[in-house]
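Novice: Mind having a look at this structure? Questions to follow.
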Amino acid sequence: MDVLETTFSRNGLVVAFAVVGLTVWFSYWLSAKLTAGRIHGSAIAITLGLVAAYIGGLMTGGNTGVADITFLAGVGVMGGGMFRDFAIVATAFGVHLSELKKAGLAGVISIFAGVIVSFVVGGLVAVLFGYTDPVAITTIGAGAVTYIVGPVTGAAIGASSELIAMSVAAGLVKSILVMIGTPMVARYIGLNNPQSAMVFGGLMGTTSGVAGGLAATDPRLVPYGAMTATFYTGVGCLLGPSVLFLTVNAIF
Amino acid sequence: MIIYGVAMLSVCLVAGMLVGEYLGVLIGVEANVGGVGIAMLLLVLACNMERFKPMVDGVSGDGIKFWSAMYIPIVVAMAARQNVVAAVDGGLLALVAGIAAVVVSFALVPVLSRIGAAPEPIQSQDGGAE
């Protein structure tokens, strides 16, 4: 047992390649056998990943899913920010500059619209749940923007740690729902071209959510969505503790 | 050489990340502002430049294509390391706030997509990965 565990943890990243490969293979098999290809293999693989993360979190009490299980620690490296960003940038290989220019304006508008809309919706939900304190409303609203904007904003305006935890949770719900929900709604929201993908990335903003959601919908759309999504969190961190907080403060 | 493509990709990412970090410092936010997006732009620009052709054509290009193809497996690993327990434990308020934000944002996609030139769908057969 000891030998097994040392070998696995010493070769963490390599183990992760094998485990993820197996998961993807199994998912494509399920997709073909059970759904006749109707639900895409990568969508199933991402969902399996999330389920595994839930189980891993329950088992270990940690906060990085299966990566907290010793012999699966490499999955944490493989799915971490560095490799994610590296692969996302690589998807831009072969993207046409003309497509980016065409959707440039819509993309920029969607980033601001996305931050403001998510913030307002999140804030409204907080009000519906009985919150009247501007700090609480702003923090939860910012959490609905992304799980990074929530704590950054909360910390800046002096929110309690419970509020910050709640805002992170709201952001996580958003990110996970975008991963699972995007392939299901893609057809209804016209998500089949570079332009709508850029708008989608700008509106959703959660890098993980957009990355996972578009991967499961049509990988060719990934670079366009990722391009705008990556500006979203920065804009959110900029607006959250400033303009948005001051506006909420003026209303309540 | 494969490493030329990989190195090129790496240089784009690091350069983009640096610009993103400096942008964040400049506007005073604790976040990387668009680092990945800037890196992607750099890569797109480089691919279209005559000078960099040897680093993106042929075998060198395979070094970039490999990482592009590794994207979905990496996203699967990323999903497996999310803090799903915290999302579920966040309570009803977090759940409703997250869901509502997503639903409203989804609904806005077709509205904002109308801005600018009329979009042309990517030739889609099965919407397939690979």
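Chains: A, B, ... in order of the structure tokens. Residues: from 1 per chain. Ligands: from 1, in order shown.
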Using 6 Å as the limit and counting only C-alpha atoms, can you tabulate each residue of chain A that touches chain B, with its shortest atom-to-atom distance in Å and the two atoms involved, as a tab-separated table?
Specialist:
```
residue	atom	partner	partner_atom	distance
A:Ile46	CA	B:Val76	CA	4.8
A:Gly49	CA	B:Ala80	CA	4.1
A:Leu50	CA	B:Ala79	CA	5.1
A:Ala52	CA	B:Ala80	CA	5.9
A:Ala53	CA	B:Ala80	CA	4.5
A:Tyr54	CA	B:Val84	CA	5.1
A:Gly57	CA	B:Val85	CA	5.8
A:Asn63	CA	B:Asn83	CA	5.0
A:Thr64	CA	B:Arg81	CA	4.6
A:Gly65	CA	B:Arg81	CA	4.2
A:Val66	CA	B:Arg81	CA	5.7
A:Ala67	CA	B:Arg81	CA	5.7
A:Val75	CA	B:Ala77	CA	5.5
A:Gly76	CA	B:Arg81	CA	5.8
A:Gly79	CA	B:Met78	CA	3.7
A:Ala87	CA	B:Tyr71	CA	5.1
A:Val89	CA	B:Met40	CA	5.0
A:Ala90	CA	B:Ser68	CA	4.7
A:Thr91	CA	B:Ser68	CA	4.7
A:Ala92	CA	B:Met40	CA	5.6
A:Ala106	CA	B:Ile115	CA	5.5
A:Ser118	CA	B:Ala101	CA	4.8
A:Val121	CA	B:Ala101	CA	5.7
A:Gly122	CA	B:Ala97	CA	4.7
A:Val125	CA	B:Ala97	CA	5.7
A:Ala144	CA	B:Gly98	CA	5.5
A:Met166	CA	B:Gly90	CA	5.6
A:Ala169	CA	B:Ala87	CA	4.5
A:Ala170	CA	B:Ala94	CA	4.1
A:Leu172	CA	B:Ala87	CA	5.3
A:Val173	CA	B:Gly98	CA	5.2
A:Lys174	CA	B:Gly98	CA	4.5
A:Ile189	CA	B:Pro110	CA	5.3
A:Asn192	CA	B:Pro121	CA	5.3
A:Asn193	CA	B:Pro121	CA	4.4
A:Ser196	CA	B:Ser113	CA	5.1
A:Phe200	CA	B:Val109	CA	5.7
A:Leu203	CA	B:Ser105	CA	5.8
A:Gly212	CA	B:Val75	CA	5.9
A:Asp218	CA	B:Gly127	CA	5.1
A:Pro219	CA	B:Ala129	CA	5.8
A:Met227	CA	B:Gly37	CA	4.5
A:Thr230	CA	B:Gly34	CA	4.8
A:Phe231	CA	B:Gly34	CA	4.1
A:Gly234	CA	B:Val33	CA	4.5
A:Cys237	CA	B:Val29	CA	5.9
A:Leu238	CA	B:Val29	CA	5.8
```
Novice: Please, what distance in Å, to one decimal, runs between atom CA of Val135 of chain A and atom CA of Val120 of chain A?
Specialist: 13.8 Å
Novice: I need the residues of segment 100-192 of chain A that end up classed as alpha helix (DSSP H) by DSSP on the backbone, written out as a ChimeraX atom specification.
Specialist: /A:100-102,104-128,134-145,149-157,161-185
Novice: Could you please take those selected residues and save C-alpha atoms as a compact mmCIF listing (two decimals), in the first residue's frame?
Specialist:
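Produced file part_0.txt, reproduced below:
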```txt
# COMPACT_ATOMS: atom_id res chain seq x y z
CA LEU A 100 -12.17 39.02 -33.62
CA LYS A 101 -12.52 42.46 -35.17
CA LYS A 102 -16.06 41.77 -36.32
CA GLY A 104 -14.94 43.38 -31.02
CA LEU A 105 -17.53 45.99 -30.10
CA ALA A 106 -20.20 43.47 -29.12
CA GLY A 107 -17.56 41.67 -27.07
CA VAL A 108 -16.56 44.76 -25.13
CA ILE A 109 -20.17 45.75 -24.47
CA SER A 110 -20.97 42.24 -23.31
CA ILE A 111 -18.20 42.33 -20.68
CA PHE A 112 -19.63 45.42 -19.01
CA ALA A 113 -23.22 44.27 -19.49
CA GLY A 114 -22.33 40.87 -18.06
CA VAL A 115 -20.70 42.25 -14.91
CA ILE A 116 -23.51 44.72 -14.24
CA VAL A 117 -26.36 42.30 -14.99
CA SER A 118 -24.93 39.49 -12.83
CA PHE A 119 -24.27 41.97 -10.03
CA VAL A 120 -27.79 43.39 -10.15
CA VAL A 121 -29.39 39.95 -10.27
CA GLY A 122 -27.24 38.67 -7.38
CA GLY A 123 -27.94 41.82 -5.37
CA LEU A 124 -31.68 41.57 -6.00
CA VAL A 125 -31.69 37.98 -4.78
CA ALA A 126 -29.93 39.14 -1.60
CA VAL A 127 -32.63 41.81 -1.12
CA LEU A 128 -35.35 39.21 -1.67
CA PRO A 134 -25.39 47.68 1.37
CA VAL A 135 -22.18 45.78 2.21
CA ALA A 136 -24.04 42.45 2.23
CA ILE A 137 -25.96 43.20 -0.96
CA THR A 138 -22.81 44.32 -2.78
CA THR A 139 -20.77 41.31 -1.64
CA ILE A 140 -23.39 38.77 -2.71
CA GLY A 141 -24.00 40.64 -5.96
CA ALA A 142 -20.26 40.60 -6.63
CA GLY A 143 -20.20 36.86 -5.90
CA ALA A 144 -22.76 36.37 -8.65
CA VAL A 145 -20.25 38.07 -10.97
CA VAL A 149 -14.88 39.28 -7.72
CA GLY A 150 -17.00 38.35 -4.66
CA PRO A 151 -14.19 38.03 -2.12
CA VAL A 152 -12.12 40.85 -3.66
CA THR A 153 -15.08 43.21 -3.39
CA GLY A 154 -16.14 41.91 0.02
CA ALA A 155 -12.67 42.35 1.45
CA ALA A 156 -12.43 45.88 0.04
CA ILE A 157 -15.67 47.06 1.62
CA SER A 161 -16.29 36.16 6.42
CA GLU A 162 -19.72 34.48 6.29
CA LEU A 163 -20.80 36.93 3.61
CA ILE A 164 -17.60 36.35 1.67
CA ALA A 165 -18.06 32.58 1.90
CA MET A 166 -21.60 32.99 0.60
CA SER A 167 -20.45 35.14 -2.29
CA VAL A 168 -17.81 32.56 -3.22
CA ALA A 169 -20.51 29.89 -3.14
CA ALA A 170 -22.74 31.96 -5.44
CA GLY A 171 -19.83 32.31 -7.87
CA LEU A 172 -19.11 28.59 -7.73
CA VAL A 173 -22.75 27.76 -8.44
CA LYS A 174 -22.58 30.07 -11.44
CA SER A 175 -19.37 28.56 -12.75
CA ILE A 176 -20.61 24.97 -12.40
CA LEU A 177 -23.99 25.76 -13.91
CA VAL A 178 -22.35 27.40 -16.93
CA MET A 179 -20.22 24.27 -17.44
CA ILE A 180 -23.23 21.96 -17.37
CA GLY A 181 -25.90 24.24 -18.80
CA THR A 182 -24.17 25.71 -21.85
CA PRO A 183 -24.39 22.67 -24.15
CA MET A 184 -28.08 22.35 -23.24
CA VAL A 185 -29.04 25.92 -24.09
```
Novice: For atom CA of Ala15 of chain B and atom CA of Gly81 of chain A, quote the distance in Å rounded to one decimal.
Specialist: 15.9 Å
Novice: Tell me, in Å to one decimal, how far atom CA of Leu13 of chain A is from atom CA of Ala73 of chain A.
Specialist: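 Calculated distance between atom CA of Leu13 of chain A and atom CA of Ala73 of chain A is 7.8 Å.
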Novice: Compare A:Val222, A:Val14, A:Ala32, A:Met204 by their minimum atom-to-atom distance to Phe71 of chain A, counting only C-alpha atoms, and give me the closest one.
Specialist: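 When distances to Phe71 of chain A are compared using only C-alpha atoms, the smallest one comes from A:Val14.
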Novice: Give the answer as one residue: which of A:Val51, A:Met198, A:Val235, A:Leu191 has the shortest atom-to-atom distance to Pro223 of chain A, using only C-alpha atoms?
Specialist: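 Going through A:Val51, A:Met198, A:Val235, A:Leu191 one by one, the smallest distance to Pro223 of chain A is for A:Met198.
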